[in-house]
file entry_9.cif (mmCIF, C-alpha atoms)
data_structure
loop_
_atom_site.label_atom_id
_atom_site.label_comp_id
_atom_site.auth_asym_id
_atom_site.auth_seq_id
_atom_site.Cartn_x
_atom_site.Cartn_y
_atom_site.Cartn_z
CA MET A 1 162.84 -14.65 149.19
CA LEU A 2 160.64 -12.14 150.94
CA ASN A 3 157.87 -13.21 153.20
CA LYS A 4 154.50 -12.62 151.55
CA ASN A 5 153.03 -11.63 154.86
CA ASN A 6 155.53 -8.80 155.20
CA LYS A 7 154.27 -5.40 154.13
CA SER A 8 157.50 -4.76 152.23
CA TYR A 9 156.99 -7.84 150.04
CA ARG A 10 157.16 -6.94 146.36
CA ASN A 11 155.47 -9.37 144.02
CA ASP A 12 157.05 -7.73 140.99
CA ILE A 13 160.46 -9.00 142.13
CA ASN A 14 159.32 -12.48 141.12
CA GLY A 15 158.49 -11.00 137.73
CA PHE A 16 162.10 -9.89 137.37
CA ARG A 17 163.24 -13.39 138.28
CA ALA A 18 160.89 -14.81 135.65
CA LEU A 19 162.25 -12.48 132.98
CA ALA A 20 165.80 -13.43 133.90
CA VAL A 21 165.32 -17.19 133.89
CA LEU A 22 163.22 -17.23 130.69
CA ALA A 23 165.86 -15.18 128.86
CA VAL A 24 168.57 -17.58 130.00
CA ILE A 25 166.54 -20.65 128.98
CA VAL A 26 165.76 -19.31 125.50
CA ASN A 27 169.43 -18.47 124.99
CA HIS A 28 170.51 -21.91 126.15
CA PHE A 29 168.05 -23.62 123.82
CA ASN A 30 169.29 -21.67 120.82
CA LYS A 31 171.66 -18.70 120.93
CA ASP A 32 170.26 -17.41 117.63
CA LEU A 33 166.80 -16.92 119.16
CA LEU A 34 168.05 -14.60 121.91
CA PRO A 35 171.77 -13.92 121.40
CA ASN A 36 172.36 -12.14 124.71
CA GLY A 37 169.79 -13.97 126.79
CA TYR A 38 172.59 -15.12 129.07
CA LEU A 39 172.47 -11.58 130.50
CA GLY A 40 169.48 -12.82 132.47
CA VAL A 41 172.09 -13.96 135.00
CA ASP A 42 173.07 -10.31 135.44
CA ILE A 43 169.44 -9.51 136.28
CA PHE A 44 169.52 -12.31 138.87
CA PHE A 45 172.58 -10.71 140.45
CA VAL A 46 170.85 -7.31 140.73
CA VAL A 47 167.70 -8.85 142.20
CA SER A 48 169.76 -10.84 144.71
CA GLY A 49 171.49 -7.69 145.92
CA PHE A 50 168.19 -5.83 146.23
CA VAL A 51 166.40 -8.65 148.07
CA VAL A 52 169.21 -9.55 150.49
CA THR A 53 169.65 -5.89 151.50
CA SER A 54 165.90 -5.60 152.00
CA SER A 55 166.05 -8.66 154.23
CA PHE A 56 168.86 -7.19 156.32
CA SER A 57 166.95 -3.91 156.74
CA ARG A 58 164.07 -5.75 158.39
CA ARG A 59 166.17 -7.85 160.75
CA LYS A 60 167.85 -5.90 163.52
CA SER A 61 170.53 -7.56 165.63
CA VAL A 62 172.87 -6.54 168.40
CA ASN A 63 174.61 -9.90 168.73
CA PHE A 64 177.46 -10.54 166.28
CA SER A 65 177.41 -14.35 166.22
CA GLU A 66 173.61 -14.56 166.18
CA PHE A 67 173.49 -12.12 163.28
CA PHE A 68 175.86 -14.22 161.18
CA THR A 69 174.51 -17.65 162.01
CA SER A 70 170.85 -16.70 161.48
CA PHE A 71 171.70 -15.28 158.06
CA TYR A 72 173.68 -18.33 156.96
CA LYS A 73 170.99 -20.69 158.22
CA ARG A 74 168.47 -18.93 156.00
CA ARG A 75 170.85 -19.10 153.03
CA ILE A 76 171.59 -22.80 153.58
CA LYS A 77 167.89 -23.68 153.76
CA ARG A 78 167.20 -21.62 150.65
CA ILE A 79 170.05 -22.81 148.43
CA LEU A 80 171.35 -26.21 149.49
CA PRO A 81 168.39 -28.69 149.48
CA PRO A 82 167.31 -28.10 145.84
CA LEU A 83 170.94 -28.03 144.74
CA LEU A 84 171.76 -31.35 146.44
CA ILE A 85 168.77 -33.11 144.87
CA PHE A 86 169.58 -31.69 141.45
CA ILE A 87 173.23 -32.77 141.67
CA PHE A 88 172.40 -36.24 142.98
CA PHE A 89 169.90 -37.24 140.28
CA THR A 90 171.69 -35.48 137.43
CA SER A 91 174.98 -37.17 138.38
CA ILE A 92 173.36 -40.60 138.20
CA ILE A 93 171.94 -39.92 134.74
CA LEU A 94 175.20 -38.32 133.60
CA CYS A 95 177.21 -41.43 134.52
CA LEU A 96 174.92 -43.56 132.37
CA PHE A 97 175.69 -41.62 129.19
CA ASN A 98 179.08 -40.01 129.72
CA PRO A 99 182.01 -42.47 129.97
CA ILE A 100 184.32 -39.73 131.32
CA PRO A 101 182.17 -37.64 133.70
CA ASN A 102 184.97 -36.62 136.10
CA THR A 103 185.14 -32.91 135.29
CA SER A 104 181.36 -32.51 135.37
CA LEU A 105 181.04 -34.43 138.64
CA LYS A 106 183.78 -32.37 140.28
CA THR A 107 182.02 -29.21 139.14
CA GLY A 108 178.85 -30.43 140.84
CA ILE A 109 180.66 -31.37 144.04
CA THR A 110 182.48 -28.04 144.28
CA SER A 111 179.19 -26.20 143.71
CA ILE A 112 177.88 -27.67 146.97
CA PHE A 113 180.57 -25.70 148.76
CA GLY A 114 180.10 -22.59 146.61
CA MET A 115 183.37 -23.14 144.77
CA SER A 116 182.47 -24.34 141.27
CA ASN A 117 183.46 -21.00 139.73
CA PHE A 118 187.01 -21.49 141.05
CA TYR A 119 187.10 -25.04 139.71
CA LEU A 120 185.84 -23.95 136.28
CA LEU A 121 188.38 -21.14 136.17
CA ARG A 122 191.20 -23.53 137.10
CA LYS A 123 190.09 -25.79 134.26
CA SER A 124 190.18 -22.78 131.91
CA THR A 125 186.56 -23.40 131.00
CA ASP A 126 185.08 -21.26 128.25
CA TYR A 127 181.43 -20.78 129.18
CA PHE A 128 180.49 -20.08 125.58
CA ALA A 129 182.37 -23.00 124.03
CA GLN A 130 180.30 -25.75 122.43
CA SER A 131 181.95 -28.40 124.63
CA SER A 132 180.63 -26.61 127.72
CA GLU A 133 177.08 -27.45 126.64
CA LEU A 134 177.75 -31.04 127.73
CA MET A 135 178.59 -30.05 131.32
CA PRO A 136 175.33 -30.25 133.33
CA PHE A 137 176.71 -28.34 136.33
CA LEU A 138 178.40 -25.53 134.40
CA HIS A 139 175.71 -23.01 135.33
CA THR A 140 176.36 -23.43 139.06
CA TRP A 141 179.19 -20.89 138.72
CA SER A 142 176.63 -18.11 139.23
CA LEU A 143 175.35 -19.74 142.42
CA SER A 144 178.92 -19.90 143.69
CA VAL A 145 179.40 -16.20 142.93
CA GLU A 146 176.26 -15.37 144.92
CA GLU A 147 177.23 -17.64 147.80
CA GLN A 148 180.67 -16.03 148.02
CA PHE A 149 179.02 -12.62 148.00
CA TYR A 150 176.85 -13.80 150.91
CA PHE A 151 180.02 -14.62 152.83
CA VAL A 152 181.39 -11.11 152.29
CA TYR A 153 178.29 -8.92 152.50
CA PRO A 154 177.32 -9.62 156.15
CA PHE A 155 180.70 -8.24 157.24
CA LEU A 156 179.88 -4.99 155.44
CA ILE A 157 176.40 -4.94 156.94
CA TRP A 158 177.76 -5.40 160.44
CA GLY A 159 180.82 -3.19 160.04
CA THR A 160 178.80 -0.18 158.86
CA GLY A 161 176.26 -0.56 161.67
CA PHE A 162 173.43 -1.26 159.21
CA ALA A 163 172.56 -4.46 161.08
CA LYS A 164 171.76 -2.46 164.23
CA ASP A 165 170.14 0.65 162.77
CA SER A 166 169.49 0.57 159.03
CA LYS A 167 167.86 4.02 158.86
CA ARG A 168 170.76 5.77 160.56
CA ASN A 169 173.61 3.87 158.90
CA TYR A 170 172.35 3.33 155.36
CA LYS A 171 174.61 6.14 154.06
CA SER A 172 177.74 4.43 155.35
CA LEU A 173 176.76 1.16 153.73
CA LEU A 174 175.79 2.92 150.49
CA PHE A 175 179.16 4.67 150.32
CA ILE A 176 181.08 1.41 150.84
CA ILE A 177 178.92 -0.45 148.32
CA LEU A 178 179.34 2.23 145.64
CA LEU A 179 183.10 2.38 146.22
CA LEU A 180 183.45 -1.40 145.92
CA THR A 181 181.11 -1.40 142.92
CA ILE A 182 183.34 1.06 141.06
CA LEU A 183 186.44 -0.98 141.87
CA SER A 184 184.69 -4.21 140.86
CA PHE A 185 183.46 -2.83 137.54
CA SER A 186 186.95 -1.52 136.78
CA SER A 187 188.36 -4.97 137.49
CA PHE A 188 185.63 -6.63 135.38
CA SER A 189 186.43 -4.32 132.45
CA TYR A 190 190.17 -4.95 132.75
CA PHE A 191 189.93 -8.74 133.00
CA TYR A 192 187.41 -8.96 130.18
CA ILE A 193 190.23 -7.89 127.89
CA SER A 194 193.09 -9.83 129.51
CA ASN A 195 191.32 -12.89 130.97
CA GLN A 196 187.66 -13.34 130.08
CA SER A 197 187.21 -16.44 132.24
CA ALA A 198 188.38 -14.53 135.33
CA ALA A 199 186.07 -11.64 134.46
CA TYR A 200 183.18 -14.03 134.03
CA PHE A 201 183.63 -16.46 136.92
CA LEU A 202 185.19 -14.57 139.86
CA MET A 203 183.04 -12.90 142.51
CA PRO A 204 185.14 -9.71 142.88
CA ASN A 205 184.63 -9.07 139.17
CA ARG A 206 180.89 -9.68 139.53
CA PHE A 207 180.43 -7.83 142.81
CA TRP A 208 179.42 -4.63 140.99
CA GLU A 209 176.24 -6.21 139.61
CA ILE A 210 175.03 -7.48 142.96
CA GLY A 211 176.33 -4.29 144.55
CA LEU A 212 174.18 -2.11 142.30
CA GLY A 213 171.16 -4.13 143.41
CA CYS A 214 172.14 -3.46 147.03
CA ALA A 215 172.58 0.24 146.26
CA ALA A 216 169.18 0.36 144.55
CA PHE A 217 167.48 -0.81 147.73
CA LEU A 218 169.44 1.61 149.89
CA ILE A 219 168.42 4.47 147.59
CA SER A 220 164.79 3.34 147.80
CA MET A 221 164.97 3.66 151.59
CA LYS A 222 165.46 7.41 151.29
CA PHE A 223 163.89 8.35 147.96
CA ASN A 224 160.55 7.24 146.52
CA ILE A 225 161.64 7.44 142.90
CA SER A 226 158.48 5.74 141.64
CA SER A 227 156.47 8.81 142.73
CA HIS A 228 158.54 11.16 140.55
CA LYS A 229 156.81 12.38 137.37
CA SER A 230 159.63 11.03 135.18
CA ALA A 231 159.38 7.51 136.67
CA PHE A 232 156.86 6.38 134.03
CA PHE A 233 159.21 7.21 131.16
CA LEU A 234 162.24 5.84 133.01
CA SER A 235 160.47 2.50 133.51
CA ILE A 236 159.65 2.25 129.80
CA ALA A 237 163.16 3.26 128.74
CA SER A 238 164.81 0.81 131.12
CA PHE A 239 162.52 -2.06 130.08
CA LEU A 240 163.21 -1.43 126.39
CA THR A 241 166.95 -1.25 127.11
CA ILE A 242 166.77 -4.67 128.78
CA LEU A 243 164.95 -6.16 125.78
CA LEU A 244 167.40 -4.60 123.31
CA SER A 245 170.35 -5.81 125.37
CA PHE A 246 169.01 -9.34 125.02
CA THR A 247 168.70 -9.14 121.25
CA PHE A 248 171.49 -6.97 119.82
CA THR A 249 174.53 -9.03 118.84
CA ASN A 250 177.06 -6.30 118.09
CA LEU A 251 177.07 -4.60 121.47
CA ASN A 252 180.25 -4.49 123.52
CA PRO A 253 179.88 -7.25 126.18
CA VAL A 254 181.02 -5.00 129.01
CA LEU A 255 178.67 -2.21 127.98
CA SER A 256 175.84 -4.74 127.53
CA ALA A 257 176.30 -6.00 131.08
CA LEU A 258 176.46 -2.43 132.38
CA ALA A 259 173.36 -1.38 130.44
CA ILE A 260 171.21 -4.29 131.56
CA THR A 261 172.37 -4.01 135.17
CA ILE A 262 171.66 -0.29 135.47
CA SER A 263 168.37 -0.67 133.57
CA THR A 264 167.25 -3.42 135.95
CA CYS A 265 167.99 -1.16 138.93
CA ILE A 266 166.03 1.70 137.38
CA LEU A 267 163.10 -0.55 136.49
CA ILE A 268 162.96 -1.96 140.03
CA LEU A 269 162.86 1.59 141.41
CA THR A 270 160.27 2.98 138.97
CA ILE A 271 158.02 0.10 137.89
CA GLU A 272 155.18 0.89 140.30
CA ARG A 273 154.54 4.08 138.34
CA ASN A 274 153.85 2.12 135.14
CA LYS A 275 150.57 0.25 135.48
CA PHE A 276 151.07 -1.81 132.33
CA LEU A 277 154.55 -3.03 133.24
CA TYR A 278 153.62 -3.56 136.87
CA SER A 279 150.60 -5.64 135.83
CA LEU A 280 152.81 -7.63 133.47
CA PHE A 281 155.45 -8.37 136.09
CA THR A 282 152.85 -9.25 138.73
CA HIS A 283 150.69 -11.45 136.51
CA LYS A 284 150.06 -14.67 138.42
CA LYS A 285 151.69 -16.90 135.79
CA ILE A 286 154.75 -14.68 135.59
CA VAL A 287 154.97 -14.56 139.38
CA PHE A 288 154.78 -18.35 139.55
CA ILE A 289 157.69 -18.70 137.12
CA GLY A 290 159.57 -16.29 139.36
CA LEU A 291 158.77 -18.36 142.42
CA ILE A 292 160.17 -21.52 140.84
CA SER A 293 163.01 -19.66 139.07
CA TYR A 294 165.75 -21.10 141.31
CA SER A 295 164.73 -24.69 140.65
CA LEU A 296 164.05 -23.84 137.01
CA TYR A 297 167.52 -22.37 136.66
CA LEU A 298 169.03 -25.52 138.16
CA TRP A 299 167.09 -28.07 136.14
CA HIS A 300 166.89 -26.39 132.74
CA TRP A 301 170.61 -26.69 132.04
CA GLY A 302 170.75 -30.22 133.40
CA VAL A 303 167.95 -31.28 131.05
CA LEU A 304 169.59 -29.56 128.08
CA SER A 305 173.05 -31.04 128.77
CA ILE A 306 171.72 -34.58 129.16
CA SER A 307 169.63 -34.06 126.02
CA ARG A 308 172.69 -33.00 124.05
CA LEU A 309 174.48 -36.10 125.27
CA THR A 310 171.60 -38.31 124.11
CA VAL A 311 168.75 -37.30 121.79
CA GLY A 312 169.99 -33.80 120.97
CA VAL A 313 168.09 -30.53 120.91
CA TYR A 314 165.92 -29.97 117.82
CA TRP A 315 162.78 -27.99 117.06
CA TRP A 316 160.64 -31.08 117.64
CA THR A 317 162.29 -31.96 120.99
CA ILE A 318 161.97 -28.49 122.51
CA PRO A 319 158.31 -28.86 123.66
CA PHE A 320 159.10 -32.13 125.45
CA GLN A 321 162.30 -30.79 127.01
CA SER A 322 160.49 -27.66 128.15
CA LEU A 323 157.76 -29.74 129.77
CA ILE A 324 160.36 -31.83 131.60
CA MET A 325 162.15 -28.69 132.84
CA PHE A 326 159.00 -27.10 134.19
CA TYR A 327 157.69 -30.33 135.68
CA LEU A 328 160.92 -31.02 137.58
CA SER A 329 161.13 -27.39 138.69
CA LYS A 330 157.56 -27.33 140.00
CA LYS A 331 158.16 -30.52 141.93
CA SER A 332 161.46 -29.23 143.27
CA TYR A 333 159.77 -26.03 144.42
CA SER A 334 156.77 -27.68 146.10
CA LEU A 335 158.50 -30.76 147.52
CA ILE A 336 161.94 -29.38 148.39
CA GLU A 337 162.20 -25.58 148.38
CA VAL A 338 159.04 -24.78 150.35
CA PRO A 339 159.34 -27.57 152.98
CA SER A 340 163.07 -26.90 153.52
CA ARG A 341 162.30 -23.40 154.85
CA SER A 342 160.85 -24.94 158.00
CA ILE A 343 163.85 -27.20 158.62
CA ILE A 344 165.67 -26.48 161.88
CA VAL A 345 169.36 -26.07 161.10
CA LYS A 346 171.85 -26.43 163.93
CA ILE A 347 175.31 -25.05 163.26
CA ASN A 348 178.32 -24.60 165.49
CA LYS A 349 178.81 -20.82 165.51
CA LYS A 350 182.60 -20.91 165.84
CA ILE A 351 182.98 -23.36 162.97
CA LEU A 352 180.59 -21.37 160.79
CA LEU A 353 182.40 -18.10 161.46
CA SER A 354 185.75 -19.72 160.70
CA ILE A 355 184.43 -21.07 157.40
CA SER A 356 182.91 -17.68 156.62
CA PHE A 357 186.19 -15.86 157.14
CA PHE A 358 188.02 -18.45 155.02
CA ILE A 359 185.58 -18.34 152.08
CA ALA A 360 185.33 -14.56 152.24
CA PHE A 361 189.13 -14.33 152.14
CA ILE A 362 189.66 -16.64 149.16
CA SER A 363 186.67 -15.11 147.32
CA ILE A 364 188.29 -11.68 147.48
CA PHE A 365 191.90 -12.69 146.91
#
call {"tool": "encode", "arguments": {"input": "entry_9.cif", "output": "structure tokens"}}
result
Amino acid sequence: MLNKNNKSYRNDINGFRALAVLAVIVNHFNKDLLPNGYLGVDIFFVVSGFVVTSSFSRRKSVNFSEFFTSFYKRRIKRILPPLLIFIFFTSIILCLFNPIPNTSLKTGITSIFGMSNFYLLRKSTDYFAQSSELMPFLHTWSLSVEEQFYFVYPFLIWGTGFAKDSKRNYKSLLFIILLLTILSFSSFSYFYISNQSAAYFLMPNRFWEIGLGCAAFLISMKFNISSHKSAFFLSIASFLTILLSFTFTNLNPVLSALAITISTCILILTIERNKFLYSLFTHKKIVFIGLISYSLYLWHWGVLSISRLTVGVYWWTIPFQSLIMFYLSKKSYSLIEVPSRSIIVKINKKILLSISFFIAFISIF
């Protein structure tokens, strides 16, 4: 997350996070209400790529080990504390109502190490199957994809020289990112036909979505697209495409993912030109939902899964379940996420680099 005191901080980014998490929640409550709301995860991927590249552009480093360890310390403080608390309390409740919680518990444990997507793939889990709705840690696959990307991306940042001089070396990084994005999308398209679980869960097949977010930031470094006269119409068209992608049921899944990913990139690059959309995405309530979106993403599925194991999910339970989700998320944000940023993390650099190489290797291959 960007520092609010930094001049490059963009409040509308939290609006994108809010849109993504709300779409996912509505879809998870009832797929008929927003059939493709799960594509909110794809928006999260784009935003992650944009934000992490922005962060790298502001942090110059000439020391290899310091560059890597400082980045991973920030990621650990950002991701791990809320995840650990969520897994701990949800596991306790799960064991009270599920006599055979082994698969769910193992999913939660592997998510701590950024590996739950591998575990779910090995179990041949169908994300859209009804039985998956009873697995409270199923949604951590997307966190694992992002974490694995974070183990690969710093090598690209350092190898292209972007870490030392972002203005001079952004073209090299952009070229590599676009090349890998094309390869990743090709792989995603191929596996969606032959092995949908692999297409859905594996980082190399999802790299293109995060990669396009990275590319969007790199393009914004050189070109101020929001100042172009066509930016207003592009922002409207991209926003409408996102909304239609959420609602249309007969769209090809691969094309839907491509449409919403590209539209998110365009909207991020052009939104400042559109006063109405910019005001909408920077409204204080929308921004707050974006700020708590990580905790909200964690807790919403846990609440729904436990509910389906117990009382169920009906029209009359939705208000109560929604209140519980938002309450837990607000507490997680204020009591865990915010304080954890000031925690001093001490990590052995050699061990961390060894782990990084290992995870990066298995994530790719």
call {"tool": "residues_around", "arguments": {"input": "entry_9.cif", "residues": "Leu212 in chain A", "least_positions_apart": "4", "cutoff": "9 Å", "atoms": "all atoms listed in the file", "output": "number ranges by chain"}}
result
A: 45-46, 49-50, 177-178, 181, 207-208, 216-217, 261-262, 265
call {"tool": "residues_around", "arguments": {"input": "entry_9.cif", "residues": "Phe191 in chain A", "least_positions_apart": "3", "cutoff": "12 Å", "atoms": "all atoms listed in the file", "output": "compact mmCIF listing (two decimals) with C-alpha atoms, keeping the file's coordinate frame"}}
result
# COMPACT_ATOMS: atom_id res chain seq x y z
CA SER A 184 184.69 -4.21 140.86
CA PHE A 185 183.46 -2.83 137.54
CA SER A 186 186.95 -1.52 136.78
CA SER A 187 188.36 -4.97 137.49
CA PHE A 188 185.63 -6.63 135.38
CA SER A 194 193.09 -9.83 129.51
CA ASN A 195 191.32 -12.89 130.97
CA GLN A 196 187.66 -13.34 130.08
CA SER A 197 187.21 -16.44 132.24
CA ALA A 198 188.38 -14.53 135.33
CA ALA A 199 186.07 -11.64 134.46
CA TYR A 200 183.18 -14.03 134.03
CA PHE A 201 183.63 -16.46 136.92
CA LEU A 202 185.19 -14.57 139.86
CA PRO A 204 185.14 -9.71 142.88
CA ASN A 205 184.63 -9.07 139.17
CA ARG A 206 180.89 -9.68 139.53
CA VAL A 254 181.02 -5.00 129.01
call {"tool": "resolve_selection", "arguments": {"input": "entry_9.cif", "expression": "the PyMOL selection byres ((chain A and resi 222) around 12)", "output": "CSV table (one decimal) with C-alpha atoms, in the frame of the given file"}}
result
chain,number,residue,atom,x,y,z
A,166,SER,CA,169.5,0.6,159.0
A,167,LYS,CA,167.9,4.0,158.9
A,168,ARG,CA,170.8,5.8,160.6
A,169,ASN,CA,173.6,3.9,158.9
A,170,TYR,CA,172.4,3.3,155.4
A,171,LYS,CA,174.6,6.1,154.1
A,174,LEU,CA,175.8,2.9,150.5
A,215,ALA,CA,172.6,0.2,146.3
A,216,ALA,CA,169.2,0.4,144.6
A,217,PHE,CA,167.5,-0.8,147.7
A,218,LEU,CA,169.4,1.6,149.9
A,219,ILE,CA,168.4,4.5,147.6
A,220,SER,CA,164.8,3.3,147.8
A,221,MET,CA,165.0,3.7,151.6
A,223,PHE,CA,163.9,8.4,148.0
A,224,ASN,CA,160.6,7.2,146.5
A,225,ILE,CA,161.6,7.4,142.9
A,269,LEU,CA,162.9,1.6,141.4
call {"tool": "residues_around", "arguments": {"input": "entry_9.cif", "residues": "Ile85 in chain A", "least_positions_apart": "6", "cutoff": "10 Å", "atoms": "all atoms listed in the file", "output": "ChimeraX atom specification"}}
result
/A:91,332,336
call {"tool": "closest_residue", "arguments": {"input": "entry_9.cif", "among": "A:Phe155, A:Leu34, A:Leu335, A:Arg17", "to": "Ser65 in chain A", "atoms": "only C-alpha atoms"}}
result
A:Phe155
call {"tool": "resolve_selection", "arguments": {"input": "entry_9.cif", "expression": "the PyMOL selection byres ((chain A and resi 293) around 12)", "output": "PyMOL selection string"}}
result
chain A and resi 1+13-25+40-41+44+82+286-292+294-300+325-326+328-330+332-333+337
call {"tool": "residues_near_point", "arguments": {"input": "entry_9.cif", "point": "(174.3, -7.5, 132.8)", "cutoff": "7 Å", "atoms": "only C-alpha atoms", "output": "PyMOL selection string"}}
result
chain A and resi 39+42-43+256-261
call {"tool": "resolve_selection", "arguments": {"input": "entry_9.cif", "expression": "the PyMOL selection byres ((chain A and resi 239) around 12)", "output": "PyMOL selection string"}}
result
chain A and resi 16+19+43+232-238+240-246+259-271+274+276-278+280-281
call {"tool": "closest_residue", "arguments": {"input": "entry_9.cif", "among": "A:Arg78, A:Phe97, A:Arg308, A:Ser132", "to": "Val338 in chain A", "atoms": "all atoms listed in the file"}}
result
A:Arg78
call {"tool": "atom_distance", "arguments": {"input": "entry_9.cif", "atom1": "CA of Met135 in chain A", "atom2": "CA of Ser104 in chain A"}}
result
5.5 Å
call {"tool": "closest_residue", "arguments": {"input": "entry_9.cif", "among": "A:Phe86, A:Phe162, A:Phe118, A:Phe56", "to": "Arg74 in chain A", "atoms": "all atoms listed in the file"}}
result
A:Phe56
call {"tool": "residues_around", "arguments": {"input": "entry_9.cif", "residues": "Phe89 in chain A", "least_positions_apart": "5", "cutoff": "10 Å", "atoms": "all atoms listed in the file", "output": "VMD selection string"}}
result
chain A and resid 84 94 302
call {"tool": "residues_near_point", "arguments": {"input": "entry_9.cif", "point": "(170.3, -17.4, 151.3)", "cutoff": "12 Å", "atoms": "all atoms listed in the file", "output": "JSON, numbers by chain"}}
result
{"A": [1, 2, 48, 49, 51, 52, 53, 55, 56, 68, 69, 70, 71, 72, 73, 74, 75, 76, 77, 78, 79, 80, 81, 143, 144, 146, 147, 148, 149, 150, 151, 153, 154, 294, 337, 341]}
call {"tool": "closest_residue", "arguments": {"input": "entry_9.cif", "among": "A:Val47, A:Ser279, A:Phe67, A:Thr90", "to": "Gly211 in chain A", "atoms": "all atoms listed in the file"}}
result
A:Val47
call {"tool": "atom_distance", "arguments": {"input": "entry_9.cif", "atom1": "CA of Asn30 in chain A", "atom2": "CA of Glu133 in chain A"}}
result
11.3 Å
call {"tool": "build_atoms", "arguments": {"input": "entry_9.cif", "residues": "range 170-183 of chain A", "atoms": "N, CA, C and O atoms", "output": "PDB file, keeping the file's coordinate frame"}}
result
ATOM      1  N   TYR A 170     172.438   3.739 156.764  1.00  0.00           N
ATOM      2  CA  TYR A 170     172.350   3.330 155.360  1.00  0.00           C
ATOM      3  C   TYR A 170     173.348   4.095 154.491  1.00  0.00           C
ATOM      4  O   TYR A 170     173.849   3.576 153.492  1.00  0.00           O
ATOM      5  N   LYS A 171     173.672   5.358 154.863  1.00  0.00           N
ATOM      6  CA  LYS A 171     174.610   6.140 154.060  1.00  0.00           C
ATOM      7  C   LYS A 171     176.002   5.543 154.084  1.00  0.00           C
ATOM      8  O   LYS A 171     176.688   5.513 153.061  1.00  0.00           O
ATOM      9  N   SER A 172     176.413   5.046 155.253  1.00  0.00           N
ATOM     10  CA  SER A 172     177.740   4.430 155.350  1.00  0.00           C
ATOM     11  C   SER A 172     177.825   3.192 154.477  1.00  0.00           C
ATOM     12  O   SER A 172     178.810   2.987 153.755  1.00  0.00           O
ATOM     13  N   LEU A 173     176.781   2.371 154.545  1.00  0.00           N
ATOM     14  CA  LEU A 173     176.760   1.160 153.730  1.00  0.00           C
ATOM     15  C   LEU A 173     176.706   1.519 152.250  1.00  0.00           C
ATOM     16  O   LEU A 173     177.409   0.904 151.429  1.00  0.00           O
ATOM     17  N   LEU A 174     175.907   2.512 151.891  1.00  0.00           N
ATOM     18  CA  LEU A 174     175.790   2.920 150.490  1.00  0.00           C
ATOM     19  C   LEU A 174     177.127   3.404 149.954  1.00  0.00           C
ATOM     20  O   LEU A 174     177.520   3.067 148.828  1.00  0.00           O
ATOM     21  N   PHE A 175     177.849   4.174 150.747  1.00  0.00           N
ATOM     22  CA  PHE A 175     179.160   4.670 150.320  1.00  0.00           C
ATOM     23  C   PHE A 175     180.120   3.521 150.062  1.00  0.00           C
ATOM     24  O   PHE A 175     180.806   3.489 149.028  1.00  0.00           O
ATOM     25  N   ILE A 176     180.176   2.560 150.995  1.00  0.00           N
ATOM     26  CA  ILE A 176     181.080   1.410 150.840  1.00  0.00           C
ATOM     27  C   ILE A 176     180.692   0.584 149.618  1.00  0.00           C
ATOM     28  O   ILE A 176     181.551   0.172 148.821  1.00  0.00           O
ATOM     29  N   ILE A 177     179.395   0.351 149.447  1.00  0.00           N
ATOM     30  CA  ILE A 177     178.920  -0.450 148.320  1.00  0.00           C
ATOM     31  C   ILE A 177     179.267   0.217 146.994  1.00  0.00           C
ATOM     32  O   ILE A 177     179.766  -0.427 146.056  1.00  0.00           O
ATOM     33  N   LEU A 178     179.043   1.520 146.892  1.00  0.00           N
ATOM     34  CA  LEU A 178     179.340   2.230 145.640  1.00  0.00           C
ATOM     35  C   LEU A 178     180.833   2.245 145.360  1.00  0.00           C
ATOM     36  O   LEU A 178     181.256   2.103 144.201  1.00  0.00           O
ATOM     37  N   LEU A 179     181.644   2.402 146.397  1.00  0.00           N
ATOM     38  CA  LEU A 179     183.100   2.380 146.220  1.00  0.00           C
ATOM     39  C   LEU A 179     183.560   1.021 145.700  1.00  0.00           C
ATOM     40  O   LEU A 179     184.326   0.925 144.726  1.00  0.00           O
ATOM     41  N   LEU A 180     183.081  -0.051 146.339  1.00  0.00           N
ATOM     42  CA  LEU A 180     183.450  -1.400 145.920  1.00  0.00           C
ATOM     43  C   LEU A 180     182.886  -1.723 144.533  1.00  0.00           C
ATOM     44  O   LEU A 180     183.512  -2.456 143.753  1.00  0.00           O
ATOM     45  N   THR A 181     181.724  -1.179 144.223  1.00  0.00           N
ATOM     46  CA  THR A 181     181.110  -1.400 142.920  1.00  0.00           C
ATOM     47  C   THR A 181     181.962  -0.790 141.808  1.00  0.00           C
ATOM     48  O   THR A 181     182.186  -1.404 140.760  1.00  0.00           O
ATOM     49  N   ILE A 182     182.472   0.409 142.038  1.00  0.00           N
ATOM     50  CA  ILE A 182     183.340   1.060 141.060  1.00  0.00           C
ATOM     51  C   ILE A 182     184.625   0.263 140.851  1.00  0.00           C
ATOM     52  O   ILE A 182     185.065   0.033 139.718  1.00  0.00           O
ATOM     53  N   LEU A 183     185.209  -0.179 141.957  1.00  0.00           N
ATOM     54  CA  LEU A 183     186.440  -0.980 141.870  1.00  0.00           C
ATOM     55  C   LEU A 183     186.172  -2.299 141.148  1.00  0.00           C
ATOM     56  O   LEU A 183     186.976  -2.748 140.322  1.00  0.00           O
TER      57      LEU A 183
END
